[in-house]
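J.: Below is model_35.txt; it holds compact mmCIF, C-alpha atoms.
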# COMPACT_ATOMS: atom_id res chain seq x y z
CA MET A 13 -0.21 -26.35 25.51
CA PRO A 14 -1.34 -25.64 21.92
CA SER A 15 -3.72 -22.72 21.52
CA THR A 16 -5.78 -24.71 18.99
CA ALA A 17 -6.80 -28.36 18.96
CA LEU A 18 -4.97 -29.29 15.73
CA ALA A 19 -1.90 -27.07 16.06
CA GLY A 20 1.04 -28.70 14.27
CA ILE A 21 -1.08 -30.71 11.80
CA ARG A 22 -0.54 -29.92 8.11
CA VAL A 23 -3.26 -30.79 5.59
CA LEU A 24 -2.63 -30.85 1.85
CA ASP A 25 -5.98 -30.09 0.24
CA LEU A 26 -6.30 -31.18 -3.40
CA SER A 27 -10.09 -30.96 -3.34
CA ARG A 28 -12.68 -28.66 -4.85
CA ILE A 29 -16.41 -27.79 -4.88
CA LEU A 30 -18.00 -28.56 -1.47
CA ALA A 31 -17.85 -31.86 0.47
CA ALA A 32 -14.08 -32.25 0.83
CA PRO A 33 -13.30 -28.49 1.02
CA LEU A 34 -15.85 -28.27 3.83
CA ALA A 35 -13.96 -31.02 5.68
CA THR A 36 -10.61 -29.26 5.26
CA GLN A 37 -12.16 -25.94 6.34
CA LEU A 38 -13.35 -27.61 9.53
CA LEU A 39 -9.84 -28.97 10.14
CA ALA A 40 -8.46 -25.48 9.48
CA ASP A 41 -10.93 -23.95 11.94
CA LEU A 42 -9.67 -26.42 14.52
CA GLY A 43 -6.11 -25.19 14.02
CA ALA A 44 -4.62 -27.33 11.26
CA GLU A 45 -2.47 -25.66 8.62
CA VAL A 46 -4.34 -26.27 5.35
CA ILE A 47 -2.60 -25.79 2.01
CA LYS A 48 -5.14 -25.70 -0.81
CA VAL A 49 -3.71 -26.75 -4.17
CA GLU A 50 -5.53 -25.30 -7.19
CA ARG A 51 -5.06 -25.27 -10.95
CA PRO A 52 -3.15 -22.26 -12.27
CA GLY A 53 -5.45 -19.78 -13.98
CA ALA A 54 -8.70 -21.58 -13.13
CA GLY A 55 -8.61 -22.74 -9.53
CA ASP A 56 -11.38 -24.49 -7.68
CA ASP A 57 -14.46 -24.75 -9.94
CA SER A 58 -16.62 -23.28 -7.17
CA ARG A 59 -14.87 -19.91 -7.49
CA THR A 60 -17.14 -19.35 -10.51
CA TYR A 61 -20.39 -20.59 -8.90
CA GLY A 62 -21.96 -17.15 -8.81
CA PRO A 63 -23.48 -14.68 -8.66
CA PRO A 64 -23.34 -13.61 -5.95
CA PHE A 65 -19.65 -12.76 -5.84
CA ALA A 66 -17.65 -11.11 -3.07
CA PRO A 67 -17.73 -7.32 -3.58
CA GLY A 68 -15.05 -6.18 -6.00
CA THR A 69 -14.02 -9.73 -6.96
CA ASP A 70 -14.93 -12.57 -9.29
CA THR A 71 -14.93 -15.06 -6.38
CA ALA A 72 -18.31 -16.67 -5.74
CA ALA A 73 -19.93 -16.75 -2.30
CA PHE A 74 -20.15 -20.54 -2.81
CA TYR A 75 -16.34 -20.74 -2.69
CA LEU A 76 -16.22 -18.45 0.33
CA SER A 77 -18.48 -20.84 2.26
CA CYS A 78 -15.90 -23.61 2.57
CA ASN A 79 -12.38 -22.23 2.10
CA ARG A 80 -11.56 -19.87 4.96
CA ASN A 81 -8.42 -20.34 7.06
CA LYS A 82 -6.51 -21.91 4.14
CA ARG A 83 -3.53 -20.90 2.03
CA SER A 84 -3.87 -21.21 -1.75
CA VAL A 85 -1.07 -22.59 -3.91
CA THR A 86 -1.36 -23.06 -7.66
CA VAL A 87 0.25 -26.21 -9.10
CA ASN A 88 -0.34 -27.89 -12.45
CA HIS A 89 -0.57 -31.54 -11.39
CA ALA A 90 -0.69 -32.68 -15.04
CA THR A 91 3.00 -31.80 -15.47
CA ALA A 92 5.97 -33.79 -14.21
CA GLU A 93 7.39 -30.79 -12.36
CA GLY A 94 4.01 -30.04 -10.80
CA GLN A 95 3.75 -33.63 -9.63
CA GLU A 96 7.14 -33.32 -7.97
CA VAL A 97 5.98 -30.19 -6.14
CA ILE A 98 2.89 -32.01 -4.84
CA ARG A 99 4.99 -35.02 -3.78
CA ALA A 100 7.34 -32.72 -1.89
CA LEU A 101 4.37 -31.12 -0.10
CA ALA A 102 2.81 -34.52 0.65
CA ALA A 103 6.10 -35.76 2.11
CA ARG A 104 5.88 -32.95 4.65
CA SER A 105 2.15 -33.22 5.42
CA ASP A 106 0.12 -35.19 7.94
CA VAL A 107 -3.05 -35.43 5.86
CA LEU A 108 -3.89 -35.33 2.16
CA VAL A 109 -7.49 -34.80 1.02
CA GLU A 110 -8.62 -35.21 -2.59
CA ASN A 111 -11.89 -35.72 -4.44
CA PHE A 112 -10.78 -36.61 -7.95
CA ARG A 113 -12.67 -39.34 -9.77
CA THR A 114 -11.54 -42.85 -8.89
CA GLY A 115 -8.21 -43.68 -10.52
CA THR A 116 -7.44 -40.18 -11.80
CA LEU A 117 -4.51 -39.34 -9.52
CA ALA A 118 -2.88 -42.73 -10.13
CA LYS A 119 -2.15 -41.51 -13.67
CA TYR A 120 0.10 -38.86 -12.16
CA GLY A 121 1.73 -40.93 -9.43
CA LEU A 122 -0.26 -39.05 -6.78
CA ASP A 123 -2.43 -41.95 -5.62
CA GLN A 124 -2.44 -43.12 -2.03
CA GLU A 125 -0.08 -46.07 -2.62
CA SER A 126 2.57 -43.83 -4.20
CA LEU A 127 2.35 -41.03 -1.65
CA ARG A 128 2.09 -43.26 1.41
CA GLU A 129 5.20 -45.10 0.22
CA LEU A 130 6.88 -41.70 0.23
CA ASN A 131 5.36 -40.74 3.59
CA PRO A 132 4.11 -43.77 5.61
CA ARG A 133 2.63 -41.46 8.28
CA LEU A 134 0.34 -39.79 5.75
CA VAL A 135 -3.43 -40.00 6.28
CA TYR A 136 -4.84 -40.02 2.74
CA LEU A 137 -8.56 -39.26 2.39
CA SER A 138 -10.29 -39.80 -0.95
CA VAL A 139 -13.85 -38.48 -1.31
CA THR A 140 -15.66 -39.79 -4.38
CA GLY A 141 -19.23 -40.13 -5.52
CA PHE A 142 -19.52 -43.89 -5.31
CA GLY A 143 -16.33 -45.06 -3.58
CA GLN A 144 -13.20 -46.79 -4.82
CA THR A 145 -14.91 -50.11 -5.51
CA GLY A 146 -18.15 -51.42 -6.98
CA PRO A 147 -19.92 -51.23 -10.34
CA TYR A 148 -20.41 -47.43 -10.13
CA ALA A 149 -16.90 -46.58 -8.90
CA GLU A 150 -15.89 -44.62 -12.00
CA ARG A 151 -19.13 -42.66 -12.38
CA PRO A 152 -19.24 -38.89 -11.76
CA GLY A 153 -21.93 -37.45 -9.52
CA TYR A 154 -23.25 -34.43 -7.66
CA ASP A 155 -25.25 -33.85 -4.51
CA GLY A 156 -28.72 -34.00 -6.09
CA ILE A 157 -27.93 -37.35 -7.68
CA PHE A 158 -26.92 -38.78 -4.31
CA GLN A 159 -29.99 -37.36 -2.60
CA ALA A 160 -32.04 -39.22 -5.20
CA MET A 161 -30.09 -42.49 -5.17
CA SER A 162 -29.57 -42.75 -1.41
CA GLY A 163 -33.28 -42.59 -0.65
CA MET A 164 -33.11 -39.12 0.90
CA MET A 165 -35.51 -37.69 -1.67
CA SER A 166 -37.86 -40.64 -1.19
CA VAL A 167 -38.58 -39.48 2.36
CA SER A 168 -38.52 -35.72 1.63
CA GLY A 169 -41.32 -33.68 0.14
CA HIS A 170 -45.06 -34.16 -0.13
CA PRO A 171 -46.79 -37.50 -0.75
CA ASP A 172 -47.14 -36.87 -4.49
CA GLU A 173 -43.75 -35.20 -5.00
CA PRO A 174 -40.29 -36.38 -3.90
CA MET A 175 -38.14 -33.36 -3.15
CA LYS A 176 -34.47 -32.52 -2.81
CA VAL A 177 -33.36 -30.94 0.46
CA GLY A 178 -32.71 -27.28 -0.32
CA VAL A 179 -29.06 -27.20 0.75
CA SER A 180 -26.48 -29.66 -0.62
CA MET A 181 -27.11 -31.94 2.31
CA VAL A 182 -25.17 -35.02 1.17
CA ASP A 183 -22.10 -32.88 0.46
CA ILE A 184 -22.35 -31.25 3.87
CA LEU A 185 -22.85 -34.52 5.74
CA THR A 186 -19.97 -36.10 3.80
CA GLY A 187 -17.75 -33.20 4.84
CA LEU A 188 -18.56 -33.87 8.48
CA TYR A 189 -17.97 -37.62 8.10
CA ALA A 190 -14.69 -36.82 6.34
CA ALA A 191 -13.37 -34.57 9.12
CA THR A 192 -14.36 -37.17 11.73
CA ALA A 193 -12.57 -39.90 9.78
CA VAL A 194 -9.39 -37.82 9.51
CA LEU A 195 -9.35 -37.15 13.25
CA ALA A 196 -9.75 -40.87 14.01
CA ALA A 197 -6.98 -41.76 11.54
CA LEU A 198 -4.66 -39.20 13.13
CA ARG A 199 -5.36 -40.74 16.54
CA HIS A 200 -4.45 -44.15 15.09
CA ARG A 201 -1.33 -42.67 13.45
CA ASP A 202 -0.22 -41.15 16.75
CA ALA A 203 -0.61 -44.51 18.48
CA THR A 204 1.01 -46.69 15.77
CA GLY A 205 3.14 -44.38 13.65
CA GLU A 206 1.26 -45.45 10.52
CA GLY A 207 -1.05 -43.42 8.33
CA GLN A 208 -3.86 -45.01 6.39
CA PHE A 209 -6.15 -44.65 3.40
CA ILE A 210 -9.75 -43.49 3.87
CA ASP A 211 -12.27 -44.32 1.14
CA LEU A 212 -15.36 -42.12 1.58
CA SER A 213 -18.37 -42.22 -0.75
CA LEU A 214 -21.07 -39.57 -1.02
CA LEU A 215 -23.65 -42.26 -1.78
CA ASP A 216 -22.66 -44.17 1.37
CA CYS A 217 -22.84 -41.01 3.48
CA GLY A 218 -26.22 -40.08 2.02
CA LEU A 219 -27.61 -43.49 2.90
CA ALA A 220 -26.05 -43.48 6.38
CA SER A 221 -27.73 -40.14 7.07
CA LEU A 222 -31.19 -41.72 6.70
CA SER A 223 -30.68 -43.05 10.23
CA HIS A 224 -34.05 -43.86 11.85
CA PHE A 225 -35.88 -43.68 8.49
CA ALA A 226 -33.72 -46.53 7.22
CA MET A 227 -34.07 -48.45 10.48
CA ASN A 228 -37.84 -48.09 10.44
CA TYR A 229 -37.86 -49.71 7.00
CA LEU A 230 -35.36 -52.43 7.93
CA VAL A 231 -37.32 -53.38 11.03
CA SER A 232 -40.83 -53.15 9.59
CA GLY A 233 -40.40 -53.67 5.87
CA GLU A 234 -42.70 -50.68 5.34
CA VAL A 235 -41.57 -47.97 2.93
CA PRO A 236 -41.49 -44.61 4.78
CA ALA A 237 -44.15 -42.19 3.59
CA ARG A 238 -43.34 -38.61 2.60
CA ARG A 239 -45.05 -36.30 5.06
CA GLY A 240 -44.06 -32.84 3.90
CA ASN A 241 -43.28 -30.89 7.07
CA GLY A 242 -44.46 -33.71 9.30
CA GLY A 243 -41.97 -35.73 11.32
CA TYR A 244 -41.69 -39.37 12.35
CA GLY A 245 -41.30 -38.78 16.07
CA GLY A 246 -44.00 -37.98 18.57
CA ILE A 247 -47.25 -36.29 17.62
CA PRO A 248 -47.37 -33.37 17.02
CA SER A 249 -44.05 -32.96 15.23
CA GLN A 250 -44.58 -30.74 12.21
CA ALA A 251 -45.43 -27.36 10.77
CA PHE A 252 -48.75 -25.76 11.60
CA GLN A 253 -50.40 -22.71 10.10
CA CYS A 254 -51.42 -20.24 12.79
CA ALA A 255 -53.92 -17.42 12.34
CA ASP A 256 -51.27 -15.41 10.47
CA LYS A 257 -47.96 -17.26 10.02
CA PRO A 258 -46.66 -20.83 10.40
CA LEU A 259 -44.56 -22.31 13.17
CA PHE A 260 -42.98 -25.68 13.84
CA LEU A 261 -44.20 -27.53 16.90
CA VAL A 262 -42.89 -30.70 18.54
CA ALA A 263 -44.41 -32.49 21.51
CA GLY A 264 -42.10 -35.46 21.52
CA ASN A 265 -43.37 -37.26 24.62
CA ASP A 266 -46.47 -37.55 26.78
CA LYS A 267 -45.36 -34.85 29.23
CA GLN A 268 -44.88 -32.34 26.43
CA PHE A 269 -48.21 -33.28 24.83
CA ALA A 270 -49.96 -32.73 28.15
CA ALA A 271 -48.24 -29.34 28.41
CA PHE A 272 -49.37 -28.49 24.88
CA CYS A 273 -52.96 -29.43 25.74
CA ALA A 274 -52.79 -27.13 28.77
CA ALA A 275 -51.39 -24.30 26.67
CA ALA A 276 -54.12 -24.84 24.07
CA ASP A 277 -56.94 -25.18 26.63
CA ARG A 278 -57.63 -28.64 25.22
CA THR A 279 -57.00 -30.93 28.17
CA ASP A 280 -60.01 -32.90 26.96
CA LEU A 281 -57.71 -34.52 24.40
CA LEU A 282 -55.92 -36.26 27.26
CA GLN A 283 -59.11 -38.17 28.05
CA ASP A 284 -59.31 -39.69 24.57
CA PRO A 285 -57.63 -43.14 24.52
CA ARG A 286 -56.59 -42.53 20.90
CA PHE A 287 -54.42 -39.61 21.95
CA VAL A 288 -53.29 -40.30 25.50
CA THR A 289 -49.90 -41.90 24.70
CA THR A 290 -47.19 -41.28 22.10
CA SER A 291 -47.79 -44.66 20.46
CA ALA A 292 -51.54 -44.08 20.37
CA ARG A 293 -51.10 -40.66 18.74
CA ILE A 294 -48.77 -42.11 16.13
CA ALA A 295 -51.26 -44.90 15.40
CA HIS A 296 -54.08 -42.36 15.10
CA ARG A 297 -52.08 -39.68 13.29
CA GLU A 298 -54.74 -39.05 10.65
CA GLU A 299 -57.39 -38.48 13.32
CA ILE A 300 -55.50 -36.14 15.62
CA LEU A 301 -53.78 -33.93 13.06
CA PRO A 302 -56.98 -32.24 11.79
CA VAL A 303 -57.89 -31.47 15.41
CA LEU A 304 -54.49 -29.92 16.07
CA GLU A 305 -54.56 -27.96 12.80
CA ALA A 306 -57.86 -26.39 13.77
CA VAL A 307 -56.58 -25.55 17.25
CA MET A 308 -53.43 -23.87 15.92
CA ARG A 309 -55.41 -21.54 13.64
CA THR A 310 -57.13 -19.97 16.65
CA ARG A 311 -54.15 -17.77 17.61
CA THR A 312 -51.38 -15.84 15.88
CA ARG A 313 -47.91 -17.28 15.62
CA ASP A 314 -46.45 -14.94 18.22
CA GLU A 315 -49.30 -15.64 20.61
CA TRP A 316 -48.66 -19.36 20.26
CA LEU A 317 -44.89 -18.97 20.69
CA ALA A 318 -45.40 -17.04 23.91
CA VAL A 319 -47.85 -19.49 25.48
CA LEU A 320 -45.95 -22.57 24.31
CA ASP A 321 -42.72 -21.17 25.76
CA GLU A 322 -44.54 -20.48 29.03
CA HIS A 323 -45.60 -24.17 29.14
CA ASP A 324 -42.12 -25.43 28.08
CA VAL A 325 -43.36 -26.90 24.78
CA PRO A 326 -40.72 -26.93 21.98
CA ALA A 327 -41.70 -24.65 19.10
CA GLY A 328 -40.07 -22.19 16.76
CA PRO A 329 -40.91 -19.78 13.94
CA PHE A 330 -40.08 -20.26 10.27
CA ASN A 331 -37.30 -17.73 9.77
CA GLU A 332 -36.17 -16.32 6.46
CA MET A 333 -32.46 -15.45 6.28
CA PRO A 334 -32.85 -11.85 7.56
CA GLU A 335 -34.78 -13.17 10.56
CA VAL A 336 -32.18 -15.88 11.18
CA PHE A 337 -29.32 -13.42 11.52
CA ALA A 338 -31.43 -10.98 13.55
CA ASP A 339 -32.46 -13.67 16.04
CA PRO A 340 -31.20 -12.78 19.54
CA GLN A 341 -30.03 -16.33 20.24
CA ILE A 342 -28.02 -16.48 17.00
CA ARG A 343 -26.52 -13.09 17.79
CA HIS A 344 -25.70 -14.12 21.34
CA ARG A 345 -23.95 -17.27 20.08
CA LYS A 346 -21.90 -15.11 17.65
CA MET A 347 -22.72 -17.34 14.67
CA LEU A 348 -21.94 -14.45 12.31
CA VAL A 349 -18.38 -13.17 12.19
CA GLU A 350 -16.71 -10.57 10.01
CA VAL A 351 -13.16 -10.68 8.71
CA GLU A 352 -11.07 -8.11 6.92
CA ASP A 353 -10.59 -9.05 3.26
CA PRO A 354 -7.93 -7.13 1.31
CA VAL A 355 -10.26 -6.69 -1.70
CA SER A 356 -13.82 -6.89 -0.38
CA GLY A 357 -13.24 -5.09 2.89
CA ARG A 358 -15.40 -6.45 5.69
CA LEU A 359 -16.46 -9.98 4.70
CA PRO A 360 -19.24 -11.74 6.68
CA LEU A 361 -18.76 -15.46 7.40
CA LEU A 362 -20.69 -18.14 9.22
CA ALA A 363 -18.88 -19.01 12.43
CA ASN A 364 -17.80 -22.49 13.42
CA PRO A 365 -20.47 -23.83 15.81
CA ILE A 366 -18.05 -25.77 18.07
CA ARG A 367 -17.45 -24.19 21.47
CA PHE A 368 -14.31 -25.58 23.12
CA GLY A 369 -13.43 -24.88 26.73
CA ALA A 370 -9.65 -25.12 26.33
CA THR A 371 -8.86 -24.67 22.62
CA PRO A 372 -11.44 -22.19 21.28
CA VAL A 373 -12.01 -21.59 17.58
CA GLU A 374 -11.09 -17.93 17.36
CA GLY A 375 -9.11 -17.24 14.21
CA TYR A 376 -10.92 -16.59 10.93
CA ALA A 377 -8.77 -15.78 7.91
CA PRO A 378 -10.64 -14.84 4.72
CA PRO A 379 -10.78 -17.45 1.95
CA PRO A 380 -7.62 -17.01 -0.13
CA ALA A 381 -7.30 -15.48 -3.57
CA LEU A 382 -6.17 -17.96 -6.22
CA GLY A 383 -2.48 -18.71 -5.72
CA GLU A 384 -2.17 -16.03 -3.05
CA HIS A 385 0.33 -18.05 -1.00
CA THR A 386 2.20 -19.98 -3.71
CA ALA A 387 5.61 -18.38 -3.23
CA GLU A 388 5.26 -18.26 0.55
CA VAL A 389 4.33 -21.95 0.91
CA LEU A 390 6.81 -23.34 -1.60
CA ALA A 391 9.65 -21.45 0.09
CA GLU A 392 8.55 -22.19 3.64
CA VAL A 393 7.48 -25.83 3.32
CA ILE A 394 9.72 -27.37 0.64
CA GLY A 395 12.54 -24.84 0.59
CA LEU A 396 12.36 -23.56 -2.99
CA THR A 397 14.27 -20.40 -3.73
CA GLU A 398 12.74 -17.31 -5.28
CA HIS A 399 14.62 -18.10 -8.50
CA GLN A 400 13.20 -21.64 -8.60
CA ILE A 401 9.67 -20.41 -8.00
CA LEU A 402 9.99 -17.80 -10.74
CA GLY A 403 11.21 -20.54 -13.08
CA LEU A 404 8.19 -22.72 -12.31
CA ARG A 405 5.89 -19.76 -12.89
CA SER A 406 7.47 -18.93 -16.22
CA ARG A 407 6.71 -22.47 -17.42
CA GLY A 408 3.12 -22.46 -16.14
CA ILE A 409 3.83 -25.06 -13.45
CA VAL A 410 2.64 -22.89 -10.54
Translate this structure into structure tokens?
T.:
Amino acid sequence: MPSTALAGIRVLDLSRILAAPLATQLLADLGAEVIKVERPGAGDDSRTYGPPFAPGTDTAAFYLSCNRNKRSVTVNHATAEGQEVIRALAARSDVLVENFRTGTLAKYGLDQESLRELNPRLVYLSVTGFGQTGPYAERPGYDGIFQAMSGMMSVSGHPDEPMKVGVSMVDILTGLYAATAVLAALRHRDATGEGQFIDLSLLDCGLASLSHFAMNYLVSGEVPARRGNGGYGGIPSQAFQCADKPLFLVAGNDKQFAAFCAAADRTDLLQDPRFVTTSARIAHREEILPVLEAVMRTRTRDEWLAVLDEHDVPAGPFNEMPEVFADPQIRHRKMLVEVEDPVSGRLPLLANPIRFGATPVEGYAPPPALGEHTAEVLAEVIGLTEHQILGLRSRGIV
């Protein structure tokens, strides 16, 4: 039995920045061998997205966030010899992931038609801003643009101010969609012997992530309102200011609301027909929220957290990063790991959150230095000799 879920799968990673590298990192965490191809001298653009940089290096923390468990190979894909190296690697890979602008790799004979003719079992994933087809197919784009265009910003922020989600949420969601798509395509390949092309668009993924917000609009025709830290589920479902600090409280059904009323010594609210059911509270949102806001200011945050926990009402504090990593639940779940980096020493990394029973995610190799594994991979995977590799290096190919 393999010790990891994706043991024996080789992924050729021609991607950079965030969405696609995050997908290949996830595949690497699950046990795939991931070979990251970067430009000689420059590498993945995100290596320079700092400060902060890893101690003693010029490698940005941004790059470190999505490139662990990979081997880095430098290849100049704009040269004929570099293209041959990539073709040789693709011929021996199960998956290829790239996020070049639509049509770019076709100029070099590295498009999906060319490489899948060479290797019919290849799963070829292309991540682009707008997809391979449509009037915007050739446009460039970044996460903030897709948050704006997909409607994500229209439902985020305060009523008078649309707001971008703080993290690069469309990139991150696209990375998760991408990894899921690759796994499904590998399942199909194992059943049929045939690889396939996957066309994944950040704009599509951003829109798909709107989920119930989009469905609410499609069903009702009503444009969702921005509610700041307020949710669209049961009432209450939002941030509240306590006597000292804020917390986030959710009473998503009638049982939880009744428990909240007991915790707050406000069981009288259960006698008001405007507030007695979830639907009634949603319909009378503007009437009940001021009541709840006043109630929440009567105790400190920690007092509320204690009594709400006692009554089994979901609530949590607003944690800054130091509080996040000091939280006993986070520590118990081992969501922070440290690896030994040859330059930086002990390097902290976010752990993979998946907990397998049979094939655990255990190995964490530090994100590679630029071209760190070029000679090793070219010798091991495509059989180049040391003399051949030195020749390619002397001509700036690798």
J.: So, counting only C-alpha atoms, which residue among A:Val319, A:Ser162, A:Gln253, A:Glu305 is closest to Ala275 (chain A)?
T.: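 Checking each candidate against Ala275 (chain A), we get A:Val319 as the closest.
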J.: So that I can see what lies close to region 287-295 of chain A, please list as a list in words the residues with an atom at most 8 Å from it, counting only C-alpha atoms and leaving out residues fewer than 2 positions away in the same chain.
T.: Gly246, Ile247, Gly264, Asn265, Asp266, Leu281, Leu282, Gln283, Asp284, Pro285, Arg297 and Ile300 of chain A
J.: Give as a PyMOL selection string every residue, naming chains and numbers as the document does, that has an atom within 6 Å of (-25.4, -31.4, -4.1), counting all atoms listed in the file.
T.: chain A and resi 154-156+180+183
J.: Choose the residue, out of A:Ala363, A:Leu304, A:Val49, A:Val194, that has the smallest atom-to-atom separation from Leu382 (chain A); count all atoms listed in the file.
T.: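 Distance minimum relative to Leu382 (chain A) lands on A:Val49.
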J.: Find, counting all atoms listed in the file, the residue in A:Arg238, A:His385, A:His323, A:Arg313 that gets nearest to Phe269 (chain A).
T.: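 Closest residue, counting all atoms listed in the file: A:His323.
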J.: Which residue out of A:Tyr120, A:Gln250, A:Gln159, A:Pro334 has the minimum interatomic distance to Val179 (chain A) when only C-alpha atoms are used?
T.: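 When distances to Val179 (chain A) are compared using only C-alpha atoms, the smallest one comes from A:Gln159.
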J.: Using Å and a single decimal, report how far CA of Gly43 (chain A) sits from CA of Pro132 (chain A).
T.: 22.8 Å
J.: Would you give me, as a tab-separated table, each residue of region 217-295 of chain A having an atom within 12 Å of an atom of region 166-175 of chain A, along with its shortest atom pair and that distance in Å to one decimal, using all atoms listed in the file and sorting by chain and residue number?
T.:
residue	atom	partner	partner_atom	distance
A:Leu219	CA	A:Ser166	CA	11.4
A:Ser221	CA	A:Val167	CA	11.8
A:Leu222	CA	A:Val167	CA	8.9
A:Ser223	CA	A:Val167	CA	11.7
A:His224	CA	A:Val167	CA	11.4
A:Phe225	CA	A:Val167	CA	7.9
A:Ala226	CA	A:Val167	CA	9.8
A:Asn228	CA	A:Val167	CA	11.8
A:Tyr229	CA	A:Val167	CA	11.3
A:Val235	CA	A:Val167	CA	9.0
A:Pro236	CA	A:Val167	CA	6.4
A:Ala237	CA	A:Val167	CA	6.3
A:Arg238	CA	A:Val167	CA	4.8
A:Arg239	CA	A:His170	CA	5.6
A:Gly240	CA	A:His170	CA	4.4
A:Asn241	CA	A:Gly169	CA	7.7
A:Gly242	CA	A:His170	CA	9.5
A:Gly243	CA	A:Ser168	CA	10.3
A:Tyr244	CA	A:Val167	CA	10.5
J.: For the selection just defined, write its residues with C-alpha atoms to a file, as a CSV table (one decimal), keeping the file's coordinate frame.
T.:
chain,number,residue,atom,x,y,z
A,219,LEU,CA,-27.6,-43.5,2.9
A,221,SER,CA,-27.7,-40.1,7.1
A,222,LEU,CA,-31.2,-41.7,6.7
A,223,SER,CA,-30.7,-43.0,10.2
A,224,HIS,CA,-34.0,-43.9,11.8
A,225,PHE,CA,-35.9,-43.7,8.5
A,226,ALA,CA,-33.7,-46.5,7.2
A,228,ASN,CA,-37.8,-48.1,10.4
A,229,TYR,CA,-37.9,-49.7,7.0
A,235,VAL,CA,-41.6,-48.0,2.9
A,236,PRO,CA,-41.5,-44.6,4.8
A,237,ALA,CA,-44.2,-42.2,3.6
A,238,ARG,CA,-43.3,-38.6,2.6
A,239,ARG,CA,-45.0,-36.3,5.1
A,240,GLY,CA,-44.1,-32.8,3.9
A,241,ASN,CA,-43.3,-30.9,7.1
A,242,GLY,CA,-44.5,-33.7,9.3
A,243,GLY,CA,-42.0,-35.7,11.3
A,244,TYR,CA,-41.7,-39.4,12.4
J.: Just give me the gap between CA of Gln144 (chain A) and CA of Arg113 (chain A) in Å, one decimal is fine.
T.: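 Result for CA of Gln144 (chain A) versus CA of Arg113 (chain A): 9.0 Å, one decimal.
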J.: Between A:Glu110, A:Glu352, A:Asp57, A:Asp25, which one has atoms that come closest to Val85 (chain A), using only C-alpha atoms?
T.: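 Once distances to Val85 (chain A) are computed over only C-alpha atoms, the minimum belongs to A:Asp25.
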J.: Distance CA of Val349 (chain A)-CA of Pro372 (chain A), one decimal place?
T.: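 Computing it gives 14.6 Å between the two atoms.
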J.: Between A:Glu45, A:Glu93, A:Glu234, A:Asp211, single out the one closest to Gln124 (chain A), counting all atoms listed in the file.
T.: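 Nearest to Gln124 (chain A): A:Asp211.
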J.: Counting only C-alpha atoms, what is within 7 Å of Thr186 (chain A), bar same-chain residues fewer than 6 positions away, as a PyMOL selection string?
T.: chain A and resi 31+214+217
